[in-house]
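*Asks:* To be precise about what I am sending: the file is called model22.cif and holds mmCIF, C-alpha atoms.
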```
data_start
loop_
_atom_site.label_atom_id
_atom_site.label_comp_id
_atom_site.auth_asym_id
_atom_site.auth_seq_id
_atom_site.Cartn_x
_atom_site.Cartn_y
_atom_site.Cartn_z
CA MET A 1 1.33 -9.89 8.79
CA SER A 2 0.25 -9.20 5.24
CA ASP A 3 -3.05 -7.59 4.23
CA ASN A 4 -4.39 -10.90 2.97
CA SER A 5 -3.65 -12.63 6.29
CA LYS A 6 -5.32 -9.81 8.20
CA GLN A 7 -8.37 -9.99 6.01
CA GLN A 8 -8.46 -13.72 6.50
CA GLU A 9 -8.18 -13.33 10.27
CA VAL A 10 -11.02 -10.81 10.33
CA ALA A 11 -13.15 -13.08 8.19
CA ILE A 12 -12.45 -16.04 10.49
CA LEU A 13 -13.37 -14.01 13.56
CA LYS A 14 -16.60 -12.96 11.92
CA LEU A 15 -17.28 -16.54 11.02
CA ILE A 16 -16.72 -17.66 14.63
CA GLU A 17 -18.93 -14.85 15.94
CA ASN A 18 -21.71 -15.75 13.58
CA VAL A 19 -21.42 -19.42 14.44
CA LEU A 20 -21.55 -18.67 18.18
CA MET A 21 -24.47 -16.28 17.74
CA GLY A 22 -26.30 -18.82 15.63
CA ASN A 23 -26.43 -16.66 12.50
CA LYS A 24 -26.31 -19.51 10.09
CA GLU A 25 -26.69 -17.48 6.89
CA ALA A 26 -24.07 -14.91 7.83
CA ALA A 27 -21.69 -17.69 8.87
CA GLN A 28 -22.28 -19.43 5.56
CA LYS A 29 -21.57 -16.19 3.72
CA GLU A 30 -18.32 -15.68 5.61
CA LEU A 31 -17.26 -19.23 4.95
CA ASN A 32 -18.08 -18.88 1.26
CA LYS A 33 -16.08 -15.66 1.17
CA LEU A 34 -13.10 -17.34 2.83
CA VAL A 35 -13.22 -20.26 0.45
CA SER A 36 -13.65 -18.09 -2.63
CA ASP A 37 -10.78 -15.85 -1.51
CA ARG A 38 -8.58 -18.89 -1.09
CA ILE A 39 -9.55 -20.24 -4.52
CA GLY A 40 -8.89 -16.82 -6.04
CA ALA A 41 -5.47 -16.71 -4.41
CA GLN A 42 -4.60 -20.15 -5.78
CA ILE A 43 -5.78 -19.21 -9.26
CA ARG A 44 -3.75 -15.99 -9.10
CA LYS A 45 -0.73 -18.00 -8.03
CA VAL A 46 -1.16 -20.37 -10.96
CA GLY A 47 -1.64 -17.42 -13.31
CA LYS A 48 1.54 -15.78 -12.06
CA GLU A 49 3.50 -18.98 -12.44
CA ASN A 50 2.30 -19.42 -16.00
CA LEU A 51 2.53 -15.90 -17.26
CA ILE A 52 3.34 -15.93 -20.93
CA MET B 1 -38.68 -84.21 89.31
CA ASP B 2 -40.14 -81.07 90.78
CA ASN B 3 -42.56 -80.94 87.90
CA ASN B 4 -43.50 -84.42 88.50
CA ASP B 5 -44.21 -83.56 92.08
CA THR B 6 -46.36 -80.58 91.27
CA SER B 7 -47.90 -82.13 88.13
CA VAL B 8 -51.26 -83.77 88.09
CA ASN B 9 -51.54 -87.48 87.38
CA VAL B 10 -53.89 -88.33 84.51
CA LYS B 11 -54.88 -91.58 86.21
CA ASP B 12 -56.40 -89.58 89.00
CA LEU B 13 -58.57 -87.61 86.67
CA LEU B 14 -59.86 -90.43 84.48
CA PRO B 15 -62.81 -92.59 85.55
CA LYS B 16 -62.18 -96.17 86.41
CA GLU B 17 -64.02 -97.62 83.44
CA LEU B 18 -61.79 -95.62 81.07
CA LEU B 19 -58.61 -96.60 82.97
CA GLU B 20 -59.45 -100.23 82.57
CA ALA B 21 -60.08 -99.83 78.85
CA VAL B 22 -56.85 -97.95 78.17
CA SER B 23 -53.49 -99.67 78.15
CA GLU B 24 -50.42 -98.56 79.99
CA ASN B 25 -48.85 -97.11 76.84
CA GLY B 26 -51.93 -95.13 76.05
CA LEU B 27 -51.96 -93.74 79.55
CA ALA B 28 -48.33 -92.73 79.20
CA THR B 29 -49.09 -90.97 75.93
CA LEU B 30 -52.03 -89.21 77.46
CA GLN B 31 -49.95 -88.23 80.45
CA GLU B 32 -47.28 -86.81 78.18
CA ALA B 33 -49.76 -84.79 76.05
CA PHE B 34 -51.44 -83.52 79.14
CA ASP B 35 -48.12 -82.37 80.61
CA LYS B 36 -47.14 -80.54 77.45
CA LEU B 37 -50.46 -78.76 77.33
CA VAL B 38 -50.23 -77.66 80.92
CA GLU B 39 -46.66 -76.54 80.49
CA SER B 40 -47.45 -74.39 77.44
CA LYS B 41 -50.41 -72.79 79.12
CA VAL B 42 -48.39 -71.98 82.22
CA SER B 43 -45.52 -70.51 80.22
CA SER B 44 -47.86 -68.26 78.20
CA GLN B 45 -49.54 -67.03 81.35
CA ILE B 46 -46.15 -66.31 82.97
CA ALA B 47 -45.00 -64.32 79.91
CA THR B 48 -48.20 -62.26 79.94
CA ALA B 49 -47.79 -61.49 83.60
CA VAL B 50 -44.12 -60.54 83.21
CA LYS B 51 -44.93 -58.24 80.33
CA SER B 52 -47.72 -56.50 82.19
CA ALA B 53 -45.41 -56.09 85.17
CA GLU B 54 -42.67 -54.63 82.93
CA VAL B 55 -45.08 -52.17 81.36
CA SER B 56 -46.42 -50.95 84.65
CA LEU B 57 -42.88 -50.69 85.99
CA ASP B 58 -41.67 -48.74 82.95
CA ALA B 59 -44.51 -46.27 83.19
CA ALA B 60 -43.83 -45.64 86.83
CA LEU B 61 -40.12 -45.33 86.31
CA THR B 62 -40.56 -43.01 83.36
CA GLU B 63 -42.84 -40.76 85.30
CA ARG B 64 -40.40 -40.65 88.17
CA MET B 65 -37.42 -40.06 85.89
CA GLN B 66 -39.25 -37.24 84.12
CA LYS B 67 -40.01 -35.57 87.36
CA LEU B 68 -36.41 -36.03 88.45
CA VAL B 69 -35.00 -34.63 85.21
CA ALA B 70 -37.35 -31.66 85.32
CA LYS B 71 -36.26 -30.90 88.82
CA LEU B 72 -32.60 -31.30 87.88
CA ASP B 73 -33.05 -29.10 84.83
CA GLU B 74 -34.63 -26.39 86.83
CA ASN B 75 -31.88 -26.48 89.36
CA ALA B 76 -29.17 -26.61 86.75
CA LYS B 77 -30.77 -23.72 84.86
CA ILE B 78 -30.90 -21.58 87.91
CA ASN B 79 -27.32 -22.43 88.71
CA LEU B 80 -26.17 -21.78 85.15
CA VAL B 81 -27.94 -18.44 85.02
CA LYS B 82 -26.29 -17.51 88.20
CA VAL B 83 -22.92 -18.63 86.92
CA VAL B 84 -23.44 -16.81 83.61
CA ASN B 85 -24.52 -13.63 85.33
CA LYS B 86 -21.54 -13.80 87.56
CA LEU B 87 -19.28 -14.47 84.63
CA ASN B 88 -20.87 -11.68 82.67
CA GLU B 89 -20.39 -9.27 85.48
CA ASN B 90 -16.80 -10.29 85.91
CA HIS B 91 -15.80 -10.34 82.30
CA GLN B 92 -17.91 -7.60 80.80
CA ALA B 93 -14.98 -5.20 80.40
CA GLU B 94 -12.78 -7.90 78.97
CA MET B 95 -15.54 -8.84 76.64
CA ALA B 96 -15.86 -5.25 75.45
CA ASP B 97 -12.11 -5.14 74.73
CA VAL B 98 -12.26 -8.47 73.05
CA LYS B 99 -15.25 -7.36 71.07
CA ALA B 100 -13.53 -4.14 69.96
CA LYS B 101 -10.41 -6.07 69.05
CA ALA B 102 -12.48 -8.61 67.26
CA VAL B 103 -14.34 -5.90 65.34
CA LYS B 104 -11.07 -4.22 64.43
CA ARG B 105 -9.58 -7.48 63.40
CA ILE B 106 -12.66 -8.32 61.41
CA ASN B 107 -12.48 -4.93 59.67
CA GLU B 108 -8.80 -5.44 58.88
CA MET B 109 -9.52 -8.87 57.60
CA ARG B 110 -12.36 -7.49 55.54
CA GLU B 111 -10.12 -4.80 54.04
CA ASN B 112 -7.40 -7.34 53.32
CA ALA B 113 -9.98 -9.61 51.87
CA ASN B 114 -11.31 -6.80 49.69
CA LYS B 115 -7.79 -5.97 48.54
CA ALA B 116 -7.08 -9.58 47.86
CA ILE B 117 -10.35 -9.88 46.00
CA ALA B 118 -9.53 -6.81 43.91
CA THR B 119 -6.07 -8.17 43.15
CA ILE B 120 -7.46 -11.54 42.32
CA LYS B 121 -10.11 -9.93 40.17
CA GLU B 122 -7.55 -7.83 38.34
CA ASN B 123 -5.22 -10.76 37.86
CA TYR B 124 -8.06 -12.89 36.79
CA GLU B 125 -9.29 -10.29 34.33
CA THR B 126 -5.77 -9.77 32.93
CA LYS B 127 -5.22 -13.44 32.72
CA THR B 128 -8.62 -13.94 31.21
CA ALA B 129 -8.01 -11.21 28.65
CA LYS B 130 -4.60 -12.65 27.81
CA GLU B 131 -5.98 -16.12 27.60
CA ALA B 132 -8.87 -14.88 25.49
CA GLU B 133 -6.45 -13.09 23.17
CA MET B 134 -4.26 -16.15 22.94
CA PHE B 135 -7.25 -18.35 22.44
CA ARG B 136 -8.55 -16.03 19.74
CA GLU B 137 -5.21 -15.99 17.99
CA SER B 138 -4.74 -19.72 18.25
CA ILE B 139 -8.26 -20.49 17.11
CA THR B 140 -7.92 -18.03 14.25
CA LYS B 141 -4.61 -19.53 13.21
CA GLN B 142 -5.86 -23.05 13.52
CA LEU B 143 -9.06 -22.30 11.67
CA GLY B 144 -7.15 -20.41 9.00
CA LYS B 145 -4.75 -23.30 8.64
CA PHE B 146 -7.61 -25.75 8.58
CA ILE B 147 -9.50 -23.75 5.96
CA VAL B 148 -6.39 -23.22 3.86
CA GLU B 149 -5.43 -26.87 4.00
CA ASN B 150 -8.91 -28.16 3.32
CA VAL B 151 -9.68 -25.62 0.64
CA ASP B 152 -6.35 -26.34 -0.98
CA LYS B 153 -7.21 -30.00 -0.89
CA CYS B 154 -10.53 -29.23 -2.53
CA ILE B 155 -9.05 -26.93 -5.18
CA PRO B 156 -7.95 -28.89 -8.24
CA TYR B 157 -4.56 -27.20 -8.29
CA GLU B 158 -3.04 -29.63 -10.74
CA GLN B 159 -6.03 -29.36 -13.03
CA ILE B 160 -5.78 -25.58 -13.02
CA GLN B 161 -2.09 -25.88 -13.75
CA SER B 162 -2.72 -28.27 -16.61
CA ALA B 163 -5.54 -26.06 -17.91
CA VAL B 164 -3.26 -23.05 -17.93
CA LYS B 165 -0.51 -25.04 -19.56
CA ASN B 166 -3.00 -26.22 -22.14
CA THR B 167 -3.81 -22.61 -22.99
CA LYS B 168 -0.13 -21.93 -23.30
CA ALA B 169 0.27 -25.02 -25.42
CA ILE B 170 -2.65 -23.99 -27.60
CA GLU B 171 -1.07 -20.61 -28.18
CA LEU B 172 2.22 -22.24 -29.04
CA LEU B 173 0.42 -24.61 -31.36
CA GLU B 174 -1.32 -21.70 -33.05
CA SER B 175 1.98 -19.98 -33.64
CA PHE B 176 3.46 -23.22 -34.94
CA LYS B 177 0.44 -23.66 -37.13
CA GLN B 178 0.91 -20.25 -38.62
CA LEU B 179 4.56 -21.02 -39.20
CA LEU B 180 3.77 -24.37 -40.75
CA ASN B 181 1.11 -22.85 -42.96
CA PHE B 182 3.61 -20.32 -44.19
CA GLU B 183 6.08 -23.11 -44.88
CA GLU B 184 3.43 -25.04 -46.76
CA VAL B 185 2.62 -22.04 -48.90
CA TYR B 186 6.25 -21.33 -49.46
CA ASN B 187 7.03 -24.91 -50.40
CA SER B 188 4.11 -25.39 -52.72
CA GLU B 189 5.26 -25.17 -56.36
CA ALA B 190 1.98 -23.67 -57.50
CA LEU B 191 2.40 -20.70 -55.15
CA LYS B 192 6.16 -20.47 -55.10
CA ARG B 193 6.48 -18.89 -58.57
CA PRO B 194 3.94 -16.10 -58.01
CA ILE B 195 5.48 -15.36 -54.66
CA LEU B 196 8.94 -15.09 -56.15
CA GLU B 197 7.55 -12.99 -58.98
CA ALA B 198 5.87 -10.69 -56.50
CA TYR B 199 9.09 -10.50 -54.53
CA SER B 200 11.10 -9.58 -57.62
CA ARG B 201 8.46 -6.99 -58.53
CA ILE B 202 8.69 -5.49 -55.08
CA GLU B 203 12.48 -5.36 -55.33
CA ASN B 204 12.30 -3.77 -58.79
CA GLY B 205 9.75 -1.31 -57.50
CA LYS B 206 12.09 -0.41 -54.66
CA LYS B 207 14.92 0.20 -57.08
CA GLU B 208 12.69 2.31 -59.30
CA ILE B 209 11.55 4.30 -56.30
CA SER B 210 15.15 5.00 -55.32
CA SER B 211 16.10 6.08 -58.85
CA LEU B 212 12.98 8.23 -59.07
CA ASN B 213 13.87 9.79 -55.75
CA GLU B 214 17.33 10.63 -57.04
CA GLU B 215 15.85 12.08 -60.23
CA ASN B 216 13.37 14.03 -58.15
CA GLU B 217 16.18 15.47 -56.07
CA SER B 218 18.15 16.57 -59.14
CA LEU B 219 15.01 18.07 -60.70
CA LYS B 220 14.31 19.92 -57.48
CA ALA B 221 17.84 21.31 -57.53
CA GLU B 222 17.44 22.36 -61.14
CA LEU B 223 14.11 23.93 -60.39
CA ALA B 224 15.63 25.86 -57.52
CA GLU B 225 18.43 27.06 -59.79
CA ALA B 226 15.93 28.06 -62.46
CA LYS B 227 13.86 29.86 -59.90
CA ALA B 228 16.94 31.67 -58.67
CA VAL B 229 17.86 32.66 -62.24
CA ILE B 230 14.33 33.86 -62.89
CA ALA B 231 14.31 35.79 -59.64
CA GLU B 232 17.67 37.34 -60.50
CA ALA B 233 16.39 38.28 -63.97
CA GLU B 234 13.25 39.72 -62.45
CA ARG B 235 15.32 41.62 -59.93
CA LYS B 236 17.62 42.99 -62.58
CA ALA B 237 14.72 43.89 -64.84
CA TYR B 238 12.94 45.65 -62.02
CA LEU B 239 16.13 47.48 -60.99
CA ALA B 240 16.80 48.52 -64.58
CA LYS B 241 13.24 49.70 -64.93
CA ARG B 242 13.46 51.76 -61.79
CA LEU B 243 16.91 53.07 -62.65
CA ALA B 244 15.61 54.17 -66.00
CA GLU B 245 13.22 56.42 -64.14
CA ILE B 246 16.20 58.31 -62.57
CA PRO B 247 17.33 61.18 -64.78
CA SER B 248 20.78 61.84 -63.24
CA LYS B 249 23.57 59.52 -64.26
CA ASP B 250 25.50 59.87 -61.00
CA GLN B 251 22.39 59.29 -59.00
CA ARG B 252 21.57 56.25 -61.15
CA MET B 253 25.07 54.87 -60.68
CA PHE B 254 24.93 55.47 -56.96
CA VAL B 255 21.59 53.70 -56.61
CA GLU B 256 22.76 50.87 -58.83
CA ARG B 257 25.90 50.44 -56.80
CA VAL B 258 23.94 50.39 -53.54
CA LEU B 259 21.19 48.05 -54.73
CA GLU B 260 23.31 45.91 -56.99
CA LYS B 261 23.25 42.83 -54.82
CA ALA B 262 20.02 43.44 -52.92
CA SER B 263 16.96 41.21 -53.25
CA LEU B 264 13.90 42.16 -55.25
CA GLN B 265 11.86 42.71 -52.11
CA PHE B 266 14.58 44.90 -50.64
CA ILE B 267 14.82 46.92 -53.83
CA LYS B 268 11.04 47.42 -53.88
CA GLU B 269 11.03 48.58 -50.29
CA ASN B 270 14.19 50.73 -50.27
CA PHE B 271 14.54 52.17 -53.76
CA GLU B 272 12.96 55.51 -52.93
CA TYR B 273 14.91 55.76 -49.70
CA THR B 274 18.20 55.13 -51.57
CA VAL B 275 17.37 57.83 -54.08
CA LYS B 276 16.74 60.27 -51.22
CA GLN B 277 19.94 59.17 -49.56
CA TYR B 278 21.90 60.04 -52.68
CA ARG B 279 20.59 63.56 -52.57
CA THR B 280 21.78 64.14 -49.01
CA ASN B 281 25.09 62.43 -49.76
CA SER B 282 25.68 64.57 -52.85
CA LEU B 283 25.37 67.70 -50.75
CA LYS B 284 27.92 66.38 -48.32
CA GLU B 285 30.15 65.25 -51.14
CA ASN B 286 30.03 68.70 -52.66
CA ALA B 287 31.23 70.11 -49.41
CA ILE B 288 33.91 67.47 -49.23
CA ILE B 289 35.03 68.19 -52.78
CA ALA B 290 35.26 71.88 -52.03
CA GLU B 291 37.32 71.12 -48.99
CA LYS B 292 39.44 68.76 -50.99
CA THR B 293 40.03 71.38 -53.68
CA ARG B 294 41.04 73.90 -51.08
CA ALA B 295 43.39 71.41 -49.51
CA ASN B 296 44.89 70.53 -52.88
CA ALA B 297 45.52 74.18 -53.66
CA LYS B 298 47.15 74.67 -50.31
CA SER B 299 49.33 71.61 -50.75
CA GLN B 300 50.37 72.76 -54.17
CA GLN B 301 51.38 76.10 -52.67
CA ILE B 302 53.31 74.32 -49.94
CA ALA B 303 54.98 72.04 -52.45
CA ALA B 304 56.05 74.96 -54.56
CA HIS B 305 57.33 76.73 -51.54
CA SER B 306 59.17 73.65 -50.38
CA ARG B 307 60.77 73.14 -53.76
CA LYS B 308 62.04 76.65 -53.57
CA GLU B 309 63.31 76.07 -50.06
CA LEU B 310 64.89 72.80 -51.05
CA SER B 311 66.76 74.35 -53.91
CA ARG B 312 67.88 77.11 -51.63
CA ILE B 313 69.04 74.67 -48.92
CA MET B 314 70.75 72.48 -51.40
CA THR B 315 72.57 75.45 -52.57
CA GLU B 316 73.37 76.44 -49.00
CA GLY B 317 74.26 72.83 -47.85
CA LYS B 318 71.64 72.54 -45.06
CA LYS B 319 69.63 69.69 -46.35
CA PRO B 320 68.68 67.77 -43.12
CA ALA B 321 67.38 70.87 -41.39
CA ILE B 322 65.15 71.68 -44.33
CA GLU B 323 63.82 68.10 -44.63
CA LYS B 324 62.82 68.13 -41.05
CA SER B 325 61.22 71.53 -41.12
CA SER B 326 59.48 71.26 -44.55
CA LYS B 327 58.33 67.62 -44.76
CA LYS B 328 56.44 67.45 -41.52
CA PRO B 329 53.74 70.02 -42.24
CA LEU B 330 53.15 68.47 -45.67
CA ASN B 331 52.65 64.99 -44.27
CA GLU B 332 50.52 66.29 -41.49
CA SER B 333 48.28 68.21 -43.83
CA LYS B 334 47.96 65.19 -46.11
CA ASN B 335 47.15 62.87 -43.22
CA ASN B 336 44.60 65.28 -41.87
CA TRP B 337 42.91 65.54 -45.19
CA LEU B 338 42.84 61.75 -45.63
CA SER B 339 41.58 61.04 -42.15
CA LYS B 340 38.86 63.62 -42.57
CA LEU B 341 37.85 62.11 -45.89
CA VAL B 342 37.73 58.63 -44.42
CA LYS B 343 35.70 59.86 -41.48
CA ASP B 344 33.18 61.60 -43.71
CA TRP B 345 32.89 58.56 -45.92
CA LYS B 346 32.32 56.38 -42.86
CA ASP B 347 29.63 58.70 -41.53
CA ASN B 348 27.86 58.69 -44.85
CA TYR B 349 28.09 54.96 -45.13
CA GLU B 350 26.70 54.45 -41.63
CA GLU B 351 23.83 56.81 -42.28
#
```
Could you show the structure in this file as structure tokens?
*Replies:*
Amino acid sequence: MSDNSKQQEVAILKLIENVLMGNKEAAQKELNKLVSDRIGAQIRKVGKENLI
Amino acid sequence: MDNNDTSVNVKDLLPKELLEAVSENGLATLQEAFDKLVESKVSSQIATAVKSAEVSLDAALTERMQKLVAKLDENAKINLVKVVNKLNENHQAEMADVKAKAVKRINEMRENANKAIATIKENYETKTAKEAEMFRESITKQLGKFIVENVDKCIPYEQIQSAVKNTKAIELLESFKQLLNFEEVYNSEALKRPILEAYSRIENGKKEISSLNEENESLKAELAEAKAVIAEAERKAYLAKRLAEIPSKDQRMFVERVLEKASLQFIKENFEYTVKQYRTNSLKENAIIAEKTRANAKSQQIAAHSRKELSRIMTEGKKPAIEKSSKKPLNESKNNWLSKLVKDWKDNYEE
């Protein structure tokens, strides 16, 4: 498992924990982080593909 | 018919005046109504009497039955107690054994049950942990997949691609633009002539630079030669000046010979030393000359003697013996003198 996948797994577990504990703000933060990481990864991928 | 026999006739009850006034049908109707009334009254009275009789009978029977049951219970209790006591007495030992066995069995069962419970608990915990781990992994994977898929759906991947490609295209366009601008400038007649003129000037300038470089190189070489000539003249002048200071001719010649090809700096530094060196050498040379003179005199004596001997041998006819005996010492003495001279010269030179 790569570092990115591990980080994603940890973030998902945190998200689940926060959801179960009712920490809405923390859960929102984790979700935002996950989404932003994913967007960043996609943008990096596009950048790599289009390197001049 | 029996009712008719026991029933009362209405005609007997009514007065005569009323009987005469009432018709036969009316009497029959009256008789019928009267009978019904009597019958209902009798039946209600009979029911009341039967009910009262039943109640009184029930009460009596109940009381009797209760007494009977109480008596039977008492007897049965006494009998049962007796039976139980007897049974207890008879089976007390067996009961103790049974009780002990039962207790043992119960304890074994309890231990087994505890073991089974522990095993079940362990299994359950392991299974629960495994299931929890699996559940965690599956939920993580599923959520990750879900997030990735949904986020990817939300990300305008194609737009990003097109945006990046646009940047690339813009850069390409810029480069093309620069190229096209250059072409425009190059193709324009108004600018073409000055550009060509500038180009030719640059080329001419390059050629001039190369020729100047060549000229510079030759001038440098000439300058170096001139410098060398000047240095040589200076060196010679300085040497002549210093040599003029030396009074002795031999000494002057010796110093000149030694420092003939030396540099100016070397001459400046070593002139005095060379002059001193000559003095020491001259002393040695004097000794060498004296030695040489002595050797020459000796050799002349030997030669004279040998000539005499040769003439004598030739006269006597013993030429080979004389050659052998007379030539060897002469050569030896000559070689010794030469080797000594060479050695001295070498020593002086090295010093």
*Asks:* Give me, please, the distance in Å between CA of Asn50 in chain A and CA of Leu34 in chain A, quoted to one decimal.
*Replies:*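 CA of Asn50 in chain A sits 24.4 Å away from CA of Leu34 in chain A.
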*Asks:* Chain B residues within 7 Å of chain A, counting all atoms listed in the file: which ones, as a list in words?
*Replies:*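 Residues satisfying the distance criterion: Thr140, Val148, Val151, Ile155, Gln161 and Val164 of chain B.
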*Asks:* So how far away is CA of Ala198 in chain B from CA of Ser210 in chain B, in Å?
*Replies:*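 CA of Ala198 in chain B lies 18.3 Å from CA of Ser210 in chain B.
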*Asks:* For Asn4 in chain A, which residue among B:Gly205, B:Pro247, B:Gly26, B:Gly144 is the nearest when counting only C-alpha atoms?
*Replies:*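 Checking each candidate against Asn4 in chain A, we get B:Gly144 as the closest.
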*Asks:* Which one is closest to Lys6 in chain A: B:Ser40, B:Asn25, B:Glu137, B:Lys292? Count only C-alpha atoms.
*Replies:*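 Under the stated criterion, the closest residue is B:Glu137.
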*Asks:* Counting all atoms listed in the file, what is within 6 Å of Ala27 in chain A, bar same-chain residues fewer than 4 positions away, as a list in words?
*Replies:* Leu15, Asn18 and Val19 of chain A
*Asks:* Edge lengths and centre, in Å to one decimal, as AutoDock Vina command-line options: that's what I need for the box along x, y and z that holds all listed atoms of range 123-134 of chain B plus 6 Å on each side.
*Replies:*
```
--center_x -6.8 --center_y -13.0 --center_z 30.4 --size_x 17.0 --size_y 18.4 --size_z 26.9
```
*Asks:* For the atom pair CA of Ile46 in chain B and CA of Met65 in chain B, what is the interatomic distance in Å to one decimal place?
*Replies:*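 According to the coordinates, CA of Ile46 in chain B and CA of Met65 in chain B are separated by 27.8 Å.
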